[in-house]
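Everything on this sheet refers to the single structure shown next.
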Amino acid sequence: MAMRMSSLFLRTLRENPADAEVPSHQLLVRAGYIRRVSPGIYTWLPLGLKVLRRVETIVREEMDAIGAQELLFPALLPREPYEQTGRWGEYGENVFRLVDRKGADHLLGPTHEEMFTLAVKDLYSSYKDLPLSIYQIQTKYRDEARPRAGLLRGREFVMKDSYSFDLDDAGLDKSYELHRDAYVRIFDRLGFHYVIVQAMAGAMGGSKSEEFLATAANGEDTYVRCTSCGFAANVEAVRVPVPDAVDASAVPAAHVEDTPDTPTIDTLVDHLNDAFPRADGRPWTAADTLKNVVVVLVHPDGTREPLAIGLPGDREVDEKRLGAQVEPAVVDAFGEADFAAHPTLAKGYIGPGVLGAERASGIRYLLDPRVSEGTAWVTGADEPGHHVLDLVAGRDFTADGTIEAAEVRDGDACPACGHGLESARGIEMGHIFQLGRKYAEALDLTVLDENGKLRTVTMGSYGVGVSRAVACVAEGNHDDLGLVWPRALAPADVHVVATGKDDAVLAYAEELTRELEARGAEVLLDDRRQASPGVKFKDAELIGVPTIVVVGRGLAEGTIELKDRRSGERRDVAVASAVDEVL
Ligand code: ATP
Ligand code: MG
Ligand code: MG
Ligand code: MG
């Protein structure tokens, strides 16, 4: 049955809601798809629910096509299973907890590994039952620290989560690939521009893991990709090699600063803030400049000696970078008091050489203009009797000699081929990973193998952000006038707009609607008698159904107008061929 604008539970808004910053959030509220209840919690109005259902249908069809079976777990869950896997505690503040009248702890499920594992344990006991893939499309709860952008990061949201159960690793690989292929089909059908990137398994544990990121300039995830070999990874998951050792001779002198006899850490920080303020206004701090600092001491004869100041965990890395052993001692390069004032450095080291003995005379240093976010250089004047210091600050290195996740930047070496990486942003739409035996072990999910021996099952876990997809598609499909849905997700296939007060117009619009419906199309019919044509057109554009049919003045001459919402193209078509032209 057609949705009728005369009675549809809908009020469109002309203004953007004050709390909405991104277009999908603004437009979904303005066009009457969703309403906010509290931060990150939304009501689905009739139009929004239609779109959500269409996303669900696509996801369901592709899950069913790989033989996954749908079931539905409760959202309200007892504490015990989550206690057994350690996640009751691990989840911290992200989980909604509640207590029943008997004092028993519960939670609102943020994800359902435990329940799926226990269900299989409950019902299955033989290798003959495997492989198995089961899934649900269900409401999840996470008390996100920063719910944002409407449906993009909700505290209540809809997720499809599926889980695979196999006897061995080869089986898991196969289940994983089946899901991966299904995800490709799902995201192709949803009409996303997306990339598949290596990912971190996160709170779910496990090993092999990939994310499907919808490319979006305002996405919360940053990924790097290599244009040479195709490697792509979320910055959370990538480790790139530490760049080559600091080339002290390449540091040009630029901005000369006279300093007190002994420059302190704070003096250096002050100079950084004066001469090289960060683009985003955040001040440099001692932690920025002295975490993994490389000091290049330039002797009066011009020879340069690299020193390192760092934290214990970074020592091996710095030794590697410096090609020399560093002293595991607290040595005050700039004055004992300064180290005391910076507790993180108190357990640090410096070496080789002892700077303290060399710093008796007055030091001048230069600040190099190549300072950028997270990188600071301080260069001293190379004058007789004076020492020159280069400080290269900033990036966090791990003990295995790679740059820590998130610290990775444009231009860093691709871990696969060494070519330069480039970074971009995206929205996490799907996440697949091989859990392995973590949950099966914690909850003792075993089956008998063909030799009658008990074997622990290996699992995969696969999620799609169903409600996030609604926002994400809106984010990528809109213009100045409103939403522009791809056909597969629009709340209706055709928006029939009857203009004017002429009974014949409305009668024909009704007839056309019936004919379109008889051919399987879903129709949104604007049959309002009071609204002006201008209001109706504006609403149609805001709502964003892909084909708009205007029944109005032309009807007397036997024509109606067809408008393509995306291209804006309009044309008159004869009433006689209207249905064929529209569909
Ligand atoms: P994010 O990194 O965005 O916080 P996540 O890695 O915590 O997501 P998963 O646990 O992998 O999310 O959940 C599977 C999918 O559920 C995600 O890929 C995403 O599409 C969706 N999702 C996760 N959190 C939210 C949320 N707060 N609101 C809407 N969708 C979400
Ligand atoms: Mg999260
Ligand atoms: Mg994530
Ligand atoms: Mg994830």
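Following the order of the structure tokens, chains are lettered A, B, ..., residues in each are numbered from 1, and ligands are numbered from 1.
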
Item to complete: Return as a PyMOL selection string the residues of protein, DNA or RNA that approach ligand 1 to within 6 Å, with only C-alpha atoms and all ligand atoms taken into account.
Response: chain A and resi 152-155+157+159+428-431+463-465+468

Residues of chain A at most 10 Å from ligand 2: nearest atom pair and distance in Å, only C-alpha atoms and all ligand atoms, as a tab-separated table:
residue	atom	partner	partner_atom_place_in_ligand_line	distance
A:Asn94	CA	ligand 2	1 (Mg)	8.8
A:Pro110	CA	ligand 2	1 (Mg)	9.5
A:Arg142	CA	ligand 2	1 (Mg)	8.1
A:Asp143	CA	ligand 2	1 (Mg)	9.7
A:Glu144	CA	ligand 2	1 (Mg)	7.4
A:Ala145	CA	ligand 2	1 (Mg)	9.6
A:Arg153	CA	ligand 2	1 (Mg)	8.5
A:Gly202	CA	ligand 2	1 (Mg)	8.8
A:Ala203	CA	ligand 2	1 (Mg)	8.9
A:Glu428	CA	ligand 2	1 (Mg)	9.4

Any chance you can output those residues with N, CA and C atoms as a PDB file, in the first residue's frame?
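Okay, this is what ended up in result-v4.pdb:
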ATOM      1  N   ASN A  94      32.194   1.175  28.414  1.00  0.00           N
ATOM      2  CA  ASN A  94      31.496   1.125  27.134  1.00  0.00           C
ATOM      3  C   ASN A  94      30.222   0.289  27.162  1.00  0.00           C
ATOM      4  N   PRO A 110      26.820  -5.556  23.803  1.00  0.00           N
ATOM      5  CA  PRO A 110      27.543  -4.715  22.851  1.00  0.00           C
ATOM      6  C   PRO A 110      27.987  -5.524  21.633  1.00  0.00           C
ATOM      7  N   ARG A 142      26.162   0.210  23.122  1.00  0.00           N
ATOM      8  CA  ARG A 142      27.503   0.570  23.586  1.00  0.00           C
ATOM      9  C   ARG A 142      27.430   2.005  24.099  1.00  0.00           C
ATOM     10  N   ASP A 143      27.932   2.192  25.306  1.00  0.00           N
ATOM     11  CA  ASP A 143      27.888   3.546  25.866  1.00  0.00           C
ATOM     12  C   ASP A 143      29.101   4.308  25.346  1.00  0.00           C
ATOM     13  N   GLU A 144      29.051   4.645  24.049  1.00  0.00           N
ATOM     14  CA  GLU A 144      30.166   5.298  23.379  1.00  0.00           C
ATOM     15  C   GLU A 144      30.530   6.601  24.095  1.00  0.00           C
ATOM     16  N   ALA A 145      31.837   6.843  24.218  1.00  0.00           N
ATOM     17  CA  ALA A 145      32.287   8.062  24.879  1.00  0.00           C
ATOM     18  C   ALA A 145      31.810   9.291  24.106  1.00  0.00           C
ATOM     19  N   ARG A 153      27.510   7.024  14.799  1.00  0.00           N
ATOM     20  CA  ARG A 153      28.008   6.430  16.045  1.00  0.00           C
ATOM     21  C   ARG A 153      26.932   6.555  17.099  1.00  0.00           C
ATOM     22  N   GLY A 202      40.938  -5.951  17.951  1.00  0.00           N
ATOM     23  CA  GLY A 202      40.313  -5.165  19.016  1.00  0.00           C
ATOM     24  C   GLY A 202      39.777  -6.018  20.146  1.00  0.00           C
ATOM     25  N   ALA A 203      38.682  -5.563  20.737  1.00  0.00           N
ATOM     26  CA  ALA A 203      38.131  -6.192  21.943  1.00  0.00           C
ATOM     27  C   ALA A 203      37.724  -7.651  21.710  1.00  0.00           C
ATOM     28  N   GLU A 428      34.005   2.938   9.179  1.00  0.00           N
ATOM     29  CA  GLU A 428      34.003   1.472   9.288  1.00  0.00           C
ATOM     30  C   GLU A 428      32.585   0.943   9.108  1.00  0.00           C
TER      31      GLU A 428
END

Excluding same-chain residues fewer than 6 positions from segment 3-8 of chain A, what lies within 9 Å of it counting only C-alpha atoms, as a PDB file with C-alpha atoms, in the first residue's frame?
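So the final result, stored in part.pdb, reads:
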ATOM      1  CA  PRO A  46       8.236   5.412   8.913  1.00  0.00           C
ATOM      2  CA  LEU A  47      10.506   6.649   6.083  1.00  0.00           C
ATOM      3  CA  ALA A 492      10.026   4.137  -2.107  1.00  0.00           C
ATOM      4  CA  GLU A 522       6.625   0.975  -3.876  1.00  0.00           C
ATOM      5  CA  VAL A 523       5.063   4.399  -4.168  1.00  0.00           C
ATOM      6  CA  LEU A 524       5.063   7.518  -2.024  1.00  0.00           C
ATOM      7  CA  LEU A 525       2.018   9.529  -3.091  1.00  0.00           C
ATOM      8  CA  ASP A 526       1.760  13.230  -2.332  1.00  0.00           C
ATOM      9  CA  ASP A 527      -2.035  13.546  -2.185  1.00  0.00           C
ATOM     10  CA  ARG A 528      -2.121  16.577   0.122  1.00  0.00           C
ATOM     11  CA  ARG A 529      -4.833  19.015  -0.883  1.00  0.00           C
TER      12      ARG A 529
END

Discussion item. Could you check the closest approach to ligand 4 for each of A:Ile58, A:Ile432, A:Val408, A:Val29 and tell me which residue wins, using only C-alpha atoms and all ligand atoms?
Written reply: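 Nearest candidate to ligand 4 out of A:Ile58, A:Ile432, A:Val408, A:Val29: A:Ile432.
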
Worksheet item: Using only C-alpha atoms, which residues sit within 9 Å of segment 112-118 of chain A once same-chain residues fewer than 4 positions away are excluded, as a PyMOL selection string?
Response: chain A and resi 73+75+77+81-82+84-85+122-123+134-135+140+161-163+165+204+439-440+443-445+459+461

What would the file look like if the residues just selected were written as a CSV table (one decimal), in the first residue's frame with C-alpha atoms?
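Wrote again11.csv, looks like this:
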chain,number,residue,atom,x,y,z
A,73,PHE,CA,19.5,-13.5,20.7
A,75,ALA,CA,19.9,-7.9,24.0
A,77,LEU,CA,22.1,-10.6,28.9
A,81,PRO,CA,29.2,-15.7,30.3
A,82,TYR,CA,30.9,-12.3,29.9
A,84,GLN,CA,34.0,-16.2,32.0
A,85,THR,CA,35.6,-14.6,28.9
A,122,ASP,CA,24.3,-26.2,24.0
A,123,LEU,CA,23.1,-27.9,20.8
A,134,ILE,CA,24.7,-18.4,12.2
A,135,TYR,CA,23.8,-14.7,12.3
A,140,LYS,CA,23.4,-3.5,20.1
A,161,ASP,CA,26.7,-10.1,13.4
A,162,SER,CA,27.5,-13.6,12.3
A,163,TYR,CA,29.8,-16.3,13.6
A,165,PHE,CA,32.3,-22.5,13.7
A,204,MET,CA,37.1,-9.4,20.1
A,439,TYR,CA,35.9,-17.9,23.0
A,440,ALA,CA,35.6,-21.7,22.4
A,443,LEU,CA,33.5,-21.3,27.3
A,444,ASP,CA,34.7,-24.8,26.6
A,445,LEU,CA,33.1,-25.4,23.2
A,459,MET,CA,35.5,-19.4,15.2
A,461,SER,CA,33.2,-13.2,13.7

Practice prompt. Using only C-alpha atoms and all ligand atoms, find the one residue out of A:Val582, A:Val37, A:Ile427, A:Leu454 that sits nearest to ligand 3.
Written response: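 Under the stated criterion, the closest residue is A:Ile427.
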
Write out as a compact mmCIF listing (two decimals) with N, CA and C atoms, in the first residue's frame which residues come within 12 Å of Ala471 of chain A when counting only C-alpha atoms, dropping same-chain ones fewer than 3 positions away.
# COMPACT_ATOMS: atom_id res chain seq x y z
N VAL A 22 27.07 16.80 10.49
CA VAL A 22 27.37 16.18 9.19
C VAL A 22 26.09 16.10 8.36
N PRO A 23 26.22 16.14 7.02
CA PRO A 23 25.03 16.19 6.15
C PRO A 23 24.05 15.05 6.38
N SER A 24 24.55 13.82 6.59
CA SER A 24 23.60 12.71 6.74
C SER A 24 22.72 12.92 7.96
N HIS A 25 23.31 13.39 9.04
CA HIS A 25 22.55 13.63 10.26
C HIS A 25 21.53 14.75 10.03
N GLN A 26 21.99 15.85 9.43
CA GLN A 26 21.09 16.99 9.18
C GLN A 26 19.91 16.56 8.31
N LEU A 27 20.23 15.87 7.22
CA LEU A 27 19.18 15.57 6.25
C LEU A 27 18.23 14.47 6.72
N LEU A 28 18.76 13.47 7.42
CA LEU A 28 17.87 12.40 7.89
C LEU A 28 16.87 12.94 8.92
N VAL A 29 17.30 13.93 9.70
CA VAL A 29 16.36 14.55 10.65
C VAL A 29 15.41 15.48 9.90
N TYR A 33 13.28 11.16 8.65
CA TYR A 33 13.60 9.72 8.71
C TYR A 33 13.82 9.26 10.15
N ILE A 34 14.43 10.13 10.93
CA ILE A 34 14.75 9.77 12.32
C ILE A 34 14.48 10.96 13.23
N GLY A 48 12.37 6.32 7.60
CA GLY A 48 13.67 5.79 7.99
C GLY A 48 13.62 4.28 8.13
N VAL A 51 14.02 2.46 4.89
CA VAL A 51 15.40 2.38 4.40
C VAL A 51 16.16 1.33 5.21
N LEU A 52 15.98 1.37 6.53
CA LEU A 52 16.66 0.39 7.39
C LEU A 52 16.29 -1.04 6.95
N VAL A 55 18.14 -2.08 3.84
CA VAL A 55 19.52 -2.48 4.13
C VAL A 55 19.51 -3.89 4.71
N ARG A 148 28.17 10.36 17.97
CA ARG A 148 28.24 11.52 17.08
C ARG A 148 27.59 11.24 15.73
N ALA A 149 27.31 12.33 15.05
CA ALA A 149 26.86 12.25 13.67
C ALA A 149 25.61 11.39 13.51
N GLY A 150 24.69 11.52 14.44
CA GLY A 150 23.43 10.81 14.31
C GLY A 150 23.63 9.31 14.36
N LEU A 151 23.23 8.66 13.27
CA LEU A 151 23.28 7.19 13.25
C LEU A 151 24.70 6.65 13.09
N LEU A 152 25.64 7.50 12.73
CA LEU A 152 26.99 6.99 12.44
C LEU A 152 27.63 6.38 13.68
N ARG A 153 27.51 7.02 14.80
CA ARG A 153 28.01 6.43 16.05
C ARG A 153 26.93 6.55 17.10
N GLY A 154 26.09 5.54 17.16
CA GLY A 154 25.00 5.55 18.12
C GLY A 154 25.38 4.83 19.39
N PHE A 157 22.30 0.80 18.33
CA PHE A 157 22.41 0.73 16.87
C PHE A 157 22.14 -0.70 16.40
N VAL A 158 21.89 -0.81 15.10
CA VAL A 158 21.57 -2.14 14.56
C VAL A 158 22.80 -2.72 13.89
N LEU A 190 24.87 -2.02 -1.68
CA LEU A 190 24.50 -0.81 -0.93
C LEU A 190 25.00 0.45 -1.65
N PHE A 192 28.24 1.61 -1.91
CA PHE A 192 29.33 2.35 -1.28
C PHE A 192 30.56 2.43 -2.16
N ALA A 214 33.98 2.67 4.23
CA ALA A 214 33.40 3.54 3.21
C ALA A 214 34.28 4.78 3.15
N ALA A 216 35.27 8.40 3.05
CA ALA A 216 34.55 9.61 3.42
C ALA A 216 35.52 10.56 4.10
N GLY A 219 35.26 10.74 7.78
CA GLY A 219 35.23 9.48 8.51
C GLY A 219 36.13 9.51 9.73
N ILE A 427 34.80 5.41 6.93
CA ILE A 427 33.84 5.03 7.97
C ILE A 427 33.77 3.51 8.01
N GLU A 428 34.01 2.94 9.18
CA GLU A 428 34.00 1.47 9.29
C GLU A 428 32.58 0.94 9.11
N MET A 429 32.37 0.22 8.01
CA MET A 429 31.04 -0.32 7.71
C MET A 429 30.92 -1.80 8.04
N GLY A 465 27.56 -2.80 10.09
CA GLY A 465 26.82 -1.73 10.75
C GLY A 465 25.59 -1.39 9.93
N VAL A 466 24.46 -2.01 10.28
CA VAL A 466 23.25 -1.86 9.46
C VAL A 466 22.67 -0.45 9.56
N SER A 467 22.51 0.04 10.80
CA SER A 467 21.96 1.40 10.93
C SER A 467 23.00 2.43 10.49
N ARG A 468 24.28 2.13 10.76
CA ARG A 468 25.33 3.04 10.29
C ARG A 468 25.31 3.14 8.77
N ALA A 474 23.53 7.95 3.10
CA ALA A 474 23.04 9.33 3.03
C ALA A 474 24.22 10.30 2.93
N GLU A 475 25.28 9.99 3.67
CA GLU A 475 26.47 10.86 3.68
C GLU A 475 27.08 10.96 2.27
N GLY A 476 26.99 9.88 1.54
CA GLY A 476 27.58 9.88 0.19
C GLY A 476 26.59 10.20 -0.91
N ASN A 477 25.33 10.44 -0.58
CA ASN A 477 24.31 10.63 -1.61
C ASN A 477 23.34 11.75 -1.24
N HIS A 478 23.80 12.96 -1.45
CA HIS A 478 22.91 14.10 -1.18
C HIS A 478 23.39 15.28 -2.02
N LEU A 483 18.30 14.63 0.21
CA LEU A 483 18.85 13.29 0.03
C LEU A 483 18.65 12.82 -1.41
N TRP A 485 18.64 9.12 -2.75
CA TRP A 485 18.87 7.70 -2.46
C TRP A 485 19.20 6.90 -3.70
N LEU A 489 18.03 1.45 -1.91
CA LEU A 489 17.77 1.79 -0.50
C LEU A 489 16.67 2.81 -0.28

Item to complete: May I ask which of the residues A:Asp479, A:Glu15, A:Asp188, A:Glu211 is the closest one to Ser567 of chain A, counting only C-alpha atoms?
Response: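 Using only C-alpha atoms, the shortest distance to Ser567 of chain A belongs to A:Asp479.
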
Practice prompt. May I ask which of the residues A:Asp449, A:Asp181, A:Asp221, A:Glu70 is the closest one to ligand 4, counting only C-alpha atoms and all ligand atoms?
Written response: A:Asp221

Worksheet entry | Residue contacts of Asp64 of chain A (12 Å, only C-alpha atoms) excluding same-chain residues fewer than 4 positions away, as a PyMOL selection string | chain A and resi 56-60+68-71+133-136+162+178-179+182+186

Item to complete: Identify, on the basis of only C-alpha atoms, every residue whose closest approach to segment 100-104 of chain A does not exceed 10 Å; exclude the query and any residue fewer than 4 positions from it along the same chain; express the result as a list in words.
Response: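 My list of contacting residues is Pro78, Arg79 and Glu80 of chain A.
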
Item to complete: Find the distance between atom CA of Leu98 of chain A and atom CA of Pro39 of chain A and write it in Å to one decimal.
Response: 19.1 Å

Worksheet item: Smallest atom-to-atom distance to ligand 3: which of A:Ile543, A:Asp503, A:Phe433, A:Thr513, using only C-alpha atoms and all ligand atoms?
Response: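 Distance minimum relative to ligand 3 lands on A:Phe433.
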
Worksheet entry | Nearest to ligand 4, chosen from A:Asp412, A:Ala576, A:Ala237, A:Gly281, with only C-alpha atoms and all ligand atoms counted in the distances | A:Ala237

Practice prompt. Looking only at strand (DSSP E or B) from DSSP on the backbone, list the matching residues of segment 69-185 of chain A as an MDAnalysis selection string.
Written response: chainID A and resid 69:70 76:78 96:99 105:108 126 132:141 148 153 156:166

Worksheet item: Interatomic distance between atom CA of Pro533 of chain A and atom CA of Thr43 of chain A?
Response: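 Answer for the atom CA of Pro533 of chain A to atom CA of Thr43 of chain A separation: 29.3 Å.
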
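Between atom CA of Tyr42 of chain A and atom CA of Arg487 of chain A the separation is 24.2 Å.
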